[in-house]
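Structure file data38.txt (compact mmCIF, C-alpha atoms) follows.
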```
# COMPACT_ATOMS: atom_id res chain seq x y z
CA MET H 1 -8.12 12.74 15.82
CA ARG H 2 -5.96 12.29 18.86
CA SER H 3 -3.39 9.53 19.23
CA LEU H 4 -5.11 6.29 20.29
CA ARG H 5 -3.48 4.70 23.33
CA VAL H 6 -3.84 1.29 24.97
CA THR H 7 -2.64 2.49 28.38
CA ALA H 8 -0.52 5.41 29.44
CA ALA H 9 2.05 3.01 30.83
CA VAL H 10 2.46 1.21 27.53
CA ALA H 11 3.38 4.15 25.33
CA ALA H 12 4.70 7.69 25.55
CA LEU H 13 5.32 10.24 22.84
CA LEU H 14 8.62 12.15 23.03
CA ILE H 15 10.06 14.76 20.69
CA ALA H 16 13.68 14.13 19.79
CA PRO H 17 16.15 14.93 16.99
CA LEU H 18 16.87 12.41 14.28
CA LEU H 19 19.45 9.74 14.98
CA PRO H 20 23.09 10.63 15.70
CA GLN H 21 25.23 9.67 12.72
CA ALA H 22 27.03 6.86 14.57
CA ALA H 23 23.74 5.09 15.25
CA GLU H 24 22.20 5.45 11.79
CA ALA H 25 23.54 2.25 10.23
CA THR H 26 22.48 0.05 13.17
CA ALA H 27 19.02 1.57 13.43
CA LEU H 28 18.25 1.28 9.71
CA THR H 29 19.80 -2.12 9.08
CA SER H 30 17.85 -3.51 12.04
CA ALA H 31 14.58 -2.75 10.22
CA HIS H 32 12.97 -4.93 7.57
CA THR H 33 10.78 -3.47 4.86
CA ALA H 34 9.47 -4.60 1.50
CA GLY H 35 8.15 -1.17 0.57
CA ARG H 36 9.41 1.23 -2.05
CA VAL H 37 11.98 3.20 -0.07
CA GLU H 38 15.05 5.24 -0.95
CA ARG H 39 18.08 5.84 1.24
CA ALA H 40 18.84 9.53 1.74
CA GLY H 41 21.68 10.05 4.19
CA GLY H 42 20.59 8.61 7.51
CA VAL H 43 16.91 8.08 6.66
CA LEU H 44 14.67 6.06 4.38
CA GLN H 45 12.26 8.10 2.24
CA TYR H 46 8.95 6.84 0.81
CA SER H 47 5.49 7.92 -0.36
CA TRP H 48 3.19 4.97 -1.06
CA PRO H 49 0.55 3.90 1.50
CA GLY H 50 1.05 0.77 3.55
CA VAL H 51 4.86 0.97 3.71
CA TYR H 52 5.93 -0.88 6.86
CA PHE H 53 9.07 -1.37 8.92
CA GLU H 54 9.68 -4.29 11.28
CA ALA H 55 12.38 -5.09 13.82
CA ARG H 56 13.20 -7.33 16.76
CA PHE H 57 14.50 -6.13 20.12
CA ARG H 58 15.00 -7.31 23.66
CA GLY H 59 14.07 -5.03 26.54
CA THR H 60 11.33 -2.83 27.92
CA ALA H 61 11.38 0.11 25.48
CA VAL H 62 11.84 0.85 21.79
CA GLY H 63 11.64 4.06 19.76
CA ALA H 64 10.72 4.80 16.15
CA VAL H 65 12.35 7.81 14.49
CA LEU H 66 10.03 9.64 12.08
CA ASN H 67 9.82 12.84 10.10
CA ASP H 68 6.34 13.06 8.61
CA ALA H 69 3.81 15.85 9.00
CA ALA H 70 1.42 14.46 6.38
CA ALA H 71 0.65 10.78 7.06
CA ASP H 72 -0.75 8.67 9.89
CA TYR H 73 0.89 5.54 11.31
CA ASP H 74 0.10 2.55 13.49
CA ILE H 75 2.79 1.15 15.77
CA GLN H 76 2.46 -2.48 16.81
CA ILE H 77 4.21 -4.57 19.44
CA ASP H 78 4.09 -8.34 19.09
CA GLY H 79 1.27 -8.05 16.58
CA THR H 80 -0.95 -5.71 18.62
CA THR H 81 -1.49 -2.05 17.72
CA VAL H 82 -0.52 0.07 20.74
CA ASP H 83 -0.94 3.52 19.22
CA THR H 84 -1.93 5.54 16.17
CA LEU H 85 0.29 8.50 15.32
CA VAL H 86 -1.54 11.29 13.54
CA THR H 87 0.80 13.36 11.33
CA PRO H 88 3.56 12.97 13.94
CA GLY H 89 6.08 15.40 12.44
CA GLN H 90 9.75 15.09 13.43
CA THR H 91 9.77 12.85 16.46
CA THR H 92 11.04 9.76 18.17
CA TYR H 93 8.01 7.86 19.37
CA TRP H 94 8.71 5.59 22.34
CA VAL H 95 6.89 2.50 23.52
CA LYS H 96 7.80 1.86 27.15
CA GLY H 97 6.80 -0.34 30.05
CA LEU H 98 7.11 -3.62 28.18
CA THR H 99 8.07 -6.95 29.69
CA ASN H 100 11.84 -7.44 29.64
CA ARG H 101 12.04 -10.06 26.90
CA ALA H 102 12.30 -10.35 23.13
CA HIS H 103 9.65 -8.42 21.15
CA THR H 104 8.76 -7.47 17.60
CA VAL H 105 7.94 -3.90 16.63
CA ARG H 106 6.15 -2.83 13.46
CA LEU H 107 5.51 0.67 12.15
CA VAL H 108 3.11 1.04 9.21
CA LYS H 109 1.99 4.05 7.16
CA ARG H 110 -1.80 3.97 7.18
CA SER H 111 -2.78 6.87 4.96
CA GLU H 112 -2.06 8.32 1.53
CA SER H 113 0.17 11.39 1.17
CA PRO H 114 1.33 11.46 -2.46
CA TRP H 115 2.12 15.18 -2.25
CA ALA H 116 4.69 14.63 0.54
CA THR H 117 7.83 12.61 1.20
CA SER H 118 7.95 10.64 4.45
CA GLU H 119 11.15 9.80 6.35
CA PHE H 120 11.96 6.92 8.69
CA GLY H 121 15.17 7.11 10.70
CA GLY H 122 15.06 3.60 12.10
CA PHE H 123 14.18 1.92 15.38
CA VAL H 124 16.22 2.68 18.50
CA ALA H 125 16.53 0.61 21.67
CA GLY H 126 15.57 2.11 25.00
CA ARG H 127 17.73 2.12 28.12
CA GLY H 128 19.00 -1.39 28.76
CA ALA H 129 17.38 -2.74 25.58
CA VAL H 130 19.11 -3.99 22.43
CA LEU H 131 18.07 -4.37 18.80
CA LEU H 132 18.30 -8.00 17.71
CA GLY H 133 18.75 -7.46 13.98
CA SER H 134 16.43 -7.36 11.03
CA PRO H 135 13.71 -10.02 10.84
CA VAL H 136 14.16 -12.50 8.03
CA ALA H 137 12.34 -11.49 4.85
CA ARG H 138 9.30 -13.60 4.11
CA ARG H 139 9.57 -16.14 1.35
CA HIS H 140 6.28 -15.05 -0.28
CA GLN H 141 5.88 -11.66 -1.96
CA ILE H 142 2.80 -9.95 -3.43
CA GLU H 143 2.50 -6.57 -5.13
CA PHE H 144 -0.86 -4.77 -5.15
CA ILE H 145 -1.40 -2.12 -7.82
CA GLY H 146 -4.52 0.00 -7.82
CA ASP H 147 -6.50 3.05 -6.80
CA SER H 148 -8.51 4.06 -3.73
CA TYR H 149 -10.01 0.59 -3.33
CA THR H 150 -6.52 -0.88 -3.00
CA ALA H 151 -5.35 1.97 -0.72
CA GLY H 152 -8.13 1.37 1.80
CA TYR H 153 -9.66 4.81 1.24
CA GLY H 154 -11.92 5.70 4.17
CA ASP H 155 -12.28 2.05 5.13
CA MET H 156 -12.53 2.75 8.87
CA SER H 157 -15.29 5.34 8.51
CA ASP H 158 -18.72 4.82 10.04
CA THR H 159 -20.31 7.16 7.51
CA ARG H 160 -20.25 7.67 3.76
CA ASP H 161 -20.15 11.45 4.18
CA CYS H 162 -16.57 12.44 4.94
CA THR H 163 -14.50 15.60 4.88
CA SER H 164 -10.97 15.47 3.51
CA ASP H 165 -9.62 15.32 7.06
CA GLN H 166 -11.96 12.46 7.91
CA VAL H 167 -10.79 10.57 4.84
CA ASN H 168 -7.18 10.94 5.99
CA ARG H 169 -7.97 9.78 9.53
CA THR H 170 -10.10 6.82 8.48
CA THR H 171 -7.96 5.50 5.63
CA ASN H 172 -5.99 2.49 6.83
CA ALA H 173 -3.97 0.66 4.19
CA ASP H 174 -2.92 -1.86 6.85
CA LEU H 175 -6.53 -3.07 6.97
CA SER H 176 -7.05 -3.04 3.21
CA PHE H 177 -7.73 -6.27 1.38
CA GLY H 178 -4.14 -6.43 0.10
CA ALA H 179 -2.54 -6.21 3.54
CA LEU H 180 -5.07 -8.67 4.97
CA THR H 181 -4.48 -11.16 2.17
CA ALA H 182 -0.71 -10.90 2.42
CA ARG H 183 -0.71 -11.47 6.18
CA ARG H 184 -2.94 -14.52 5.80
CA LEU H 185 -0.40 -15.94 3.34
CA ASN H 186 2.60 -14.81 5.42
CA ALA H 187 3.82 -12.70 2.51
CA ASP H 188 5.80 -9.50 2.27
CA TYR H 189 3.94 -7.00 0.15
CA GLN H 190 3.74 -3.59 -1.47
CA ILE H 191 0.56 -1.51 -1.75
CA ASN H 192 1.31 0.69 -4.75
CA ALA H 193 -2.06 2.45 -4.80
CA PHE H 194 -3.03 6.01 -5.73
CA SER H 195 -6.60 7.19 -5.19
CA GLY H 196 -8.41 8.76 -8.12
CA ARG H 197 -5.98 7.48 -10.75
CA GLY H 198 -6.93 5.33 -13.70
CA MET H 199 -5.09 3.49 -16.42
CA VAL H 200 -5.55 6.37 -18.88
CA ARG H 201 -8.17 8.68 -17.31
CA ASN H 202 -8.38 9.88 -13.72
CA TYR H 203 -11.58 10.29 -11.72
CA ASN H 204 -13.95 12.75 -13.42
CA GLY H 205 -11.21 13.63 -15.92
CA GLY H 206 -8.99 15.21 -13.27
CA GLU H 207 -5.33 16.10 -13.86
CA PRO H 208 -5.50 15.46 -17.62
CA GLY H 209 -2.32 14.20 -19.18
CA THR H 210 -1.52 12.03 -16.17
CA SER H 211 -2.67 8.60 -15.03
CA TYR H 212 -1.60 5.91 -12.58
CA ARG H 213 1.12 4.96 -15.07
CA THR H 214 2.68 8.42 -14.60
CA TYR H 215 3.62 7.45 -11.03
CA TYR H 216 4.12 3.70 -11.02
CA ASP H 217 7.91 3.73 -11.43
CA ARG H 218 8.47 6.13 -8.52
CA ALA H 219 9.23 5.62 -4.88
CA LEU H 220 8.64 9.32 -4.17
CA LEU H 221 5.38 10.30 -5.81
CA ALA H 222 5.91 14.06 -5.53
CA VAL H 223 9.31 13.92 -7.27
CA PRO H 224 8.74 13.93 -11.07
CA ASP H 225 12.12 12.46 -12.03
CA ASP H 226 12.23 9.84 -9.29
CA VAL H 227 12.73 6.21 -10.32
CA TRP H 228 12.58 3.44 -7.73
CA ARG H 229 15.56 1.14 -8.00
CA ARG H 230 14.09 -2.27 -7.42
CA PRO H 231 16.30 -4.34 -5.10
CA PRO H 232 17.21 -7.80 -6.37
CA ASN H 233 15.32 -9.43 -3.51
CA TRP H 234 11.98 -7.93 -4.58
CA HIS H 235 10.53 -10.43 -7.02
CA PRO H 236 6.84 -11.04 -6.25
CA GLN H 237 5.25 -14.35 -7.11
CA VAL H 238 1.92 -12.52 -7.60
CA VAL H 239 1.02 -9.03 -8.82
CA VAL H 240 -2.63 -7.99 -8.37
CA VAL H 241 -3.71 -5.11 -10.63
CA GLY H 242 -6.99 -3.24 -10.12
CA LEU H 243 -7.23 -0.18 -12.37
CA GLY H 244 -10.27 0.98 -14.29
CA PHE H 245 -12.86 2.25 -11.84
CA ASN H 246 -11.66 5.82 -12.24
CA ASP H 247 -11.45 5.51 -16.02
CA PHE H 248 -15.12 4.63 -16.43
CA SER H 249 -17.13 5.50 -13.29
CA THR H 250 -17.82 9.12 -14.28
CA ALA H 251 -19.25 10.55 -17.48
CA ILE H 252 -16.85 12.06 -19.99
CA ASN H 253 -16.83 15.84 -19.52
CA PRO H 254 -16.98 18.42 -22.32
CA GLY H 255 -13.46 19.18 -23.46
CA GLU H 256 -12.03 15.77 -22.62
CA PRO H 257 -10.34 14.07 -25.59
CA TRP H 258 -12.49 10.94 -25.39
CA THR H 259 -15.59 9.33 -26.69
CA PRO H 260 -16.78 6.16 -24.94
CA GLU H 261 -15.30 4.14 -27.81
CA THR H 262 -11.88 5.85 -27.91
CA LEU H 263 -11.61 5.71 -24.10
CA ALA H 264 -12.22 1.96 -24.16
CA THR H 265 -9.62 1.51 -26.90
CA ALA H 266 -7.05 3.65 -25.11
CA TYR H 267 -7.69 1.76 -21.86
CA HIS H 268 -7.27 -1.60 -23.58
CA ASP H 269 -4.02 -0.62 -25.29
CA ALA H 270 -2.53 1.03 -22.20
CA TYR H 271 -3.44 -1.97 -20.02
CA GLN H 272 -1.76 -4.38 -22.43
CA ALA H 273 1.36 -2.21 -22.46
CA PHE H 274 1.31 -2.01 -18.66
CA LEU H 275 1.10 -5.79 -18.40
CA ASP H 276 4.02 -6.02 -20.85
CA LYS H 277 5.95 -3.79 -18.45
CA ILE H 278 5.16 -5.94 -15.42
CA ARG H 279 5.97 -9.12 -17.31
CA ALA H 280 9.34 -7.73 -18.45
CA GLN H 281 10.06 -6.49 -14.93
CA TYR H 282 9.31 -9.71 -13.06
CA GLY H 283 9.72 -12.41 -15.68
CA PRO H 284 7.53 -15.24 -16.97
CA ARG H 285 6.96 -17.06 -13.67
CA THR H 286 5.10 -14.28 -11.86
CA TYR H 287 1.31 -14.56 -11.83
CA ILE H 288 -0.48 -11.35 -12.78
CA VAL H 289 -4.05 -11.09 -11.52
CA VAL H 290 -6.20 -8.59 -13.42
CA SER H 291 -9.06 -7.70 -11.09
CA ALA H 292 -12.38 -6.02 -11.74
CA THR H 293 -15.43 -5.26 -9.65
CA TYR H 294 -19.01 -4.09 -9.90
CA MET H 295 -19.57 -0.63 -11.38
CA TYR H 296 -23.02 0.89 -10.98
CA ASN H 297 -23.20 2.62 -14.38
CA THR H 298 -21.45 0.30 -16.83
CA THR H 299 -20.02 -3.16 -17.37
CA VAL H 300 -17.23 -1.95 -19.65
CA PHE H 301 -14.62 -2.16 -16.86
CA SER H 302 -15.10 -5.87 -16.23
CA GLU H 303 -15.69 -6.70 -19.89
CA LEU H 304 -12.45 -5.05 -21.01
CA ALA H 305 -10.46 -6.61 -18.16
CA GLN H 306 -11.75 -10.04 -19.09
CA GLN H 307 -11.00 -9.44 -22.77
CA ILE H 308 -7.45 -8.33 -21.98
CA VAL H 309 -6.78 -11.49 -20.00
CA GLN H 310 -8.25 -13.71 -22.71
CA GLN H 311 -5.98 -12.08 -25.28
CA ARG H 312 -2.90 -12.64 -23.09
CA ASN H 313 -3.85 -16.27 -22.58
CA THR H 314 -4.45 -16.81 -26.30
CA ALA H 315 -1.02 -15.32 -26.99
CA GLY H 316 0.53 -17.94 -24.72
CA ASP H 317 0.80 -16.23 -21.33
CA SER H 318 -1.21 -18.51 -19.06
CA ARG H 319 -0.04 -16.77 -15.90
CA VAL H 320 -2.27 -13.76 -16.43
CA ARG H 321 -5.60 -14.44 -14.71
CA TYR H 322 -8.92 -12.62 -14.43
CA TRP H 323 -10.54 -12.16 -11.01
CA TYR H 324 -13.90 -10.50 -10.36
CA TYR H 325 -15.37 -9.67 -6.96
CA ASP H 326 -18.62 -8.06 -5.80
CA GLY H 327 -21.16 -8.22 -2.97
CA LEU H 328 -19.84 -5.16 -1.09
CA ASP H 329 -21.78 -2.79 1.17
CA TYR H 330 -19.74 0.34 0.25
CA LEU H 331 -20.18 1.87 3.71
CA GLY H 332 -16.76 3.55 3.75
CA CYS H 333 -16.12 7.19 2.90
CA HIS H 334 -17.77 8.32 -0.33
CA TYR H 335 -19.22 4.87 -1.04
CA HIS H 336 -15.87 3.09 -0.83
CA PRO H 337 -15.40 -0.41 0.58
CA SER H 338 -15.76 -0.63 4.35
CA LEU H 339 -13.67 -2.69 6.76
CA HIS H 340 -16.25 -5.43 6.35
CA ASP H 341 -15.84 -5.19 2.57
CA HIS H 342 -12.05 -5.42 2.75
CA GLN H 343 -12.36 -8.54 4.88
CA LEU H 344 -14.75 -9.97 2.29
CA ILE H 345 -12.45 -9.09 -0.62
CA ALA H 346 -9.49 -10.61 1.24
CA ASP H 347 -11.51 -13.80 1.76
CA LYS H 348 -12.28 -13.97 -1.95
CA LEU H 349 -8.74 -13.12 -3.05
CA THR H 350 -7.14 -15.59 -0.66
CA ALA H 351 -9.42 -18.29 -2.02
CA PHE H 352 -8.67 -17.29 -5.60
CA LEU H 353 -4.92 -17.34 -5.05
CA GLY H 354 -5.37 -20.78 -3.55
CA THR H 355 -6.54 -22.02 -6.95
CA LEU H 356 -3.31 -20.98 -8.65
CA PRO H 357 -0.46 -23.50 -8.90
CA LEU H 358 1.87 -21.21 -6.98
CA ARG H 359 5.21 -22.53 -5.89
CA TRP H 360 5.68 -20.34 -2.86
```
Just give me the structure of the file as structure tokens.
Amino acid sequence: MRSLRVTAAVAALLIAPLLPQAAEATALTSAHTAGRVERAGGVLQYSWPGVYFEARFRGTAVGAVLNDAAADYDIQIDGTTVDTLVTPGQTTYWVKGLTNRAHTVRLVKRSESPWATSEFGGFVAGRGAVLLGSPVARRHQIEFIGDSYTAGYGDMSDTRDCTSDQVNRTTNADLSFGALTARRLNADYQINAFSGRGMVRNYNGGEPGTSYRTYYDRALLAVPDDVWRRPPNWHPQVVVVGLGFNDFSTAINPGEPWTPETLATAYHDAYQAFLDKIRAQYGPRTYIVVSATYMYNTTVFSELAQQIVQQRNTAGDSRVRYWYYDGLDYLGCHYHPSLHDHQLIADKLTAFLGTLPLRW
């Protein structure tokens, strides 16, 4: 897919080296992000989908410094997407021809690339322009934990039959239900989603010995020993967890160490331990929403999720809540939620969060 342009005068793509050392601090500190990033010299490194960077500037041109040959990005000016960058590589992408006034710029990683490490070198001001400093962090924070549904897998597709390349081009985490919900609530957010991963069993038994929990603590998914160091200002009021579709949607294959009963038990125990982890990480005031959805071949996913929440509530943790959604058309790639579905899920989730006594 080629880069999508509004007009030729609005945006131009230039190849340039990464930032000179003297400009690194200004360029990086002028950008706001809530994503899981790590500083490495003069760049920020990251892997999860939906990571975004925002800045303010005054002038007619701004550049975004990137090194990423694996993922796709949208770049937005004043809330409007002006271009999509398809696996841009090492580049400074420039938006030019803007009105000479104050603007906001936003760069967001659309697609999944867990096998690669992305690098952002900051925003740079064009000739005569000036960066105005990092936007103020939003007061609300939400973390979304899940699989392909949460990542927005193939959500922009107009067909269910997709090649791997088409999945990459049509996956847009920035239009997933999590991003939509967060923007409606004016919240900073993380989309910590990994397609095909389950709580204890991956899709169709793939990559045995690993699960979503193998990767949750990382900022860089392809680095086995990586541990994200949570900044003190990341303390979400809500964590939405949606894991289980990959555990139960496919039949257990010969050679897998499960029966339906032992898989359900392992899922239950691992989920409870994972919730213990989140509760210890964020404290007693954070609401944890355990979500479930329709599964064509079994109701065990939703039944176990509901049971887990009931057990937490009985044990005295009233801030763990169960949320179920359905009614989707599944017109995205490989029968995944479509853009219409993600809008619908965001409607339902926004309404559900509105029932919680949140003190934003």
TODO: Return the single residue from H:Asp188, H:Asp83, H:Asp74, H:Asp161 that is closest to His235 in chain H, with distances computed using all atoms listed in the file.
DONE: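 Of H:Asp188, H:Asp83, H:Asp74, H:Asp161, the one nearest His235 in chain H, counting all atoms listed in the file, is H:Asp188.
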Task: Which of H:Phe248, H:Tyr93, H:Trp360, H:Phe144 sits closest to Val290 in chain H [using all atoms listed in the file] - done: H:Phe144
TODO: Select, from H:Ala182, H:Ile252, H:Ala292, H:Leu220, the residue with the minimum atom-to-atom distance to Gly146 in chain H, counting all atoms listed in the file.
DONE: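 Closest to Gly146 in chain H of all the choices is H:Ala292.
All residues of protein, DNA or RNA that reach within 7 Å of Val43 in chain H, judged by all atoms listed in the file and not counting those fewer than 3 positions away in the chain, are Arg39, Ala40, Glu119, Phe120 and Gly121 of chain H.
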Dump C-alpha atoms for the selected residues as an mmCIF file, keeping the file's coordinate frame?
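Saved the output as again_39.cif:
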```cif
data_model
loop_
_atom_site.group_PDB
_atom_site.id
_atom_site.type_symbol
_atom_site.label_atom_id
_atom_site.label_comp_id
_atom_site.auth_asym_id
_atom_site.auth_seq_id
_atom_site.Cartn_x
_atom_site.Cartn_y
_atom_site.Cartn_z
ATOM 1 C CA ARG H 39 18.080 5.840 1.240
ATOM 2 C CA ALA H 40 18.840 9.530 1.740
ATOM 3 C CA GLU H 119 11.150 9.800 6.350
ATOM 4 C CA PHE H 120 11.960 6.920 8.690
ATOM 5 C CA GLY H 121 15.170 7.110 10.700
#
```
Open item on the list: For Leu331 in chain H, find every residue with an atom within 10 Å (counting all atoms listed in the file), except residues of its own chain fewer than 4 positions away, and show them as a PyMOL selection string.
Closed with: chain H and resi 154-161+335-341
Open item on the list: I need the residue nearest Thr171 in chain H from this list: H:Glu256, H:Asp269, H:Asp72, H:Glu207. Use all atoms listed in the file for the distance.
Closed with: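 Answer, going by the shortest atom-to-atom distance: H:Asp72.
For the pair CA of Asn313 in chain H and CA of Leu243 in chain H, the separation is 19.4 Å.
Minimum atom-to-atom distance to Gly152 in chain H, evaluated using all atoms listed in the file, belongs to H:Phe194 out of H:Tyr215, H:Phe123, H:Phe194, H:Trp323.
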Task: Contact residues around Gly316 in chain H with all atoms listed in the file at 12 Å, ignoring same-chain residues under 6 positions, as a PyMOL selection string - done: chain H and resi 284+309-310
Incomplete range 137-161 of chain H brought to N, CA and C atoms, written out as a PDB file, in the coordinates of the input:
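The result, written out as part-v3.pdb:
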```pdb
ATOM      1  N   ALA H 137      13.370 -11.794   5.843  1.00  0.00           N
ATOM      2  CA  ALA H 137      12.340 -11.490   4.850  1.00  0.00           C
ATOM      3  C   ALA H 137      11.473 -12.722   4.609  1.00  0.00           C
ATOM      4  N   ARG H 138      10.203 -12.490   4.376  1.00  0.00           N
ATOM      5  CA  ARG H 138       9.300 -13.600   4.110  1.00  0.00           C
ATOM      6  C   ARG H 138       9.546 -14.181   2.728  1.00  0.00           C
ATOM      7  N   ARG H 139       9.282 -15.456   2.607  1.00  0.00           N
ATOM      8  CA  ARG H 139       9.570 -16.140   1.350  1.00  0.00           C
ATOM      9  C   ARG H 139       8.566 -15.770   0.271  1.00  0.00           C
ATOM     10  N   HIS H 140       7.327 -15.413   0.674  1.00  0.00           N
ATOM     11  CA  HIS H 140       6.280 -15.050  -0.280  1.00  0.00           C
ATOM     12  C   HIS H 140       6.254 -13.540  -0.449  1.00  0.00           C
ATOM     13  N   GLN H 141       5.963 -13.090  -1.672  1.00  0.00           N
ATOM     14  CA  GLN H 141       5.880 -11.660  -1.960  1.00  0.00           C
ATOM     15  C   GLN H 141       4.702 -11.396  -2.906  1.00  0.00           C
ATOM     16  N   ILE H 142       3.928 -10.343  -2.598  1.00  0.00           N
ATOM     17  CA  ILE H 142       2.800  -9.950  -3.430  1.00  0.00           C
ATOM     18  C   ILE H 142       2.842  -8.443  -3.628  1.00  0.00           C
ATOM     19  N   GLU H 143       2.598  -7.999  -4.843  1.00  0.00           N
ATOM     20  CA  GLU H 143       2.500  -6.570  -5.130  1.00  0.00           C
ATOM     21  C   GLU H 143       1.053  -6.249  -5.508  1.00  0.00           C
ATOM     22  N   PHE H 144       0.501  -5.210  -4.869  1.00  0.00           N
ATOM     23  CA  PHE H 144      -0.860  -4.770  -5.150  1.00  0.00           C
ATOM     24  C   PHE H 144      -0.800  -3.404  -5.833  1.00  0.00           C
ATOM     25  N   ILE H 145      -1.395  -3.339  -7.013  1.00  0.00           N
ATOM     26  CA  ILE H 145      -1.400  -2.120  -7.820  1.00  0.00           C
ATOM     27  C   ILE H 145      -2.853  -1.678  -7.982  1.00  0.00           C
ATOM     28  N   GLY H 146      -3.135  -0.409  -7.681  1.00  0.00           N
ATOM     29  CA  GLY H 146      -4.520   0.000  -7.820  1.00  0.00           C
ATOM     30  C   GLY H 146      -4.775   1.439  -7.418  1.00  0.00           C
ATOM     31  N   ASP H 147      -6.038   1.698  -7.103  1.00  0.00           N
ATOM     32  CA  ASP H 147      -6.500   3.050  -6.800  1.00  0.00           C
ATOM     33  C   ASP H 147      -6.984   3.105  -5.357  1.00  0.00           C
ATOM     34  N   SER H 148      -8.037   3.879  -5.099  1.00  0.00           N
ATOM     35  CA  SER H 148      -8.510   4.060  -3.730  1.00  0.00           C
ATOM     36  C   SER H 148      -9.009   2.765  -3.100  1.00  0.00           C
ATOM     37  N   TYR H 149      -9.578   1.872  -3.886  1.00  0.00           N
ATOM     38  CA  TYR H 149     -10.010   0.590  -3.330  1.00  0.00           C
ATOM     39  C   TYR H 149      -8.827  -0.155  -2.733  1.00  0.00           C
ATOM     40  N   THR H 150      -7.713  -0.164  -3.453  1.00  0.00           N
ATOM     41  CA  THR H 150      -6.520  -0.880  -3.000  1.00  0.00           C
ATOM     42  C   THR H 150      -5.856  -0.155  -1.830  1.00  0.00           C
ATOM     43  N   ALA H 151      -5.970   1.183  -1.791  1.00  0.00           N
ATOM     44  CA  ALA H 151      -5.350   1.970  -0.720  1.00  0.00           C
ATOM     45  C   ALA H 151      -6.100   1.874   0.600  1.00  0.00           C
ATOM     46  N   GLY H 152      -7.332   1.394   0.579  1.00  0.00           N
ATOM     47  CA  GLY H 152      -8.130   1.370   1.800  1.00  0.00           C
ATOM     48  C   GLY H 152      -8.764   2.708   2.125  1.00  0.00           C
ATOM     49  N   TYR H 153      -9.096   3.466   1.106  1.00  0.00           N
ATOM     50  CA  TYR H 153      -9.660   4.810   1.240  1.00  0.00           C
ATOM     51  C   TYR H 153     -10.873   4.821   2.163  1.00  0.00           C
ATOM     52  N   GLY H 154     -10.786   5.542   3.277  1.00  0.00           N
ATOM     53  CA  GLY H 154     -11.920   5.700   4.170  1.00  0.00           C
ATOM     54  C   GLY H 154     -12.512   4.413   4.687  1.00  0.00           C
ATOM     55  N   ASP H 155     -11.713   3.354   4.779  1.00  0.00           N
ATOM     56  CA  ASP H 155     -12.280   2.050   5.130  1.00  0.00           C
ATOM     57  C   ASP H 155     -12.706   1.948   6.589  1.00  0.00           C
ATOM     58  N   MET H 156     -12.169   2.798   7.460  1.00  0.00           N
ATOM     59  CA  MET H 156     -12.530   2.750   8.870  1.00  0.00           C
ATOM     60  C   MET H 156     -13.688   3.678   9.226  1.00  0.00           C
ATOM     61  N   SER H 157     -14.235   4.369   8.246  1.00  0.00           N
ATOM     62  CA  SER H 157     -15.290   5.340   8.510  1.00  0.00           C
ATOM     63  C   SER H 157     -16.600   4.642   8.879  1.00  0.00           C
ATOM     64  N   ASP H 158     -17.382   5.321   9.717  1.00  0.00           N
ATOM     65  CA  ASP H 158     -18.720   4.820  10.040  1.00  0.00           C
ATOM     66  C   ASP H 158     -19.795   5.615   9.309  1.00  0.00           C
ATOM     67  N   THR H 159     -19.366   6.407   8.318  1.00  0.00           N
ATOM     68  CA  THR H 159     -20.310   7.160   7.510  1.00  0.00           C
ATOM     69  C   THR H 159     -19.763   7.317   6.095  1.00  0.00           C
ATOM     70  N   ARG H 160     -20.672   7.447   5.142  1.00  0.00           N
ATOM     71  CA  ARG H 160     -20.250   7.670   3.760  1.00  0.00           C
ATOM     72  C   ARG H 160     -19.903   9.136   3.507  1.00  0.00           C
ATOM     73  N   ASP H 161     -20.397  10.014   4.344  1.00  0.00           N
ATOM     74  CA  ASP H 161     -20.150  11.450   4.180  1.00  0.00           C
ATOM     75  C   ASP H 161     -18.915  11.840   4.977  1.00  0.00           C
TER      76      ASP H 161
END
```
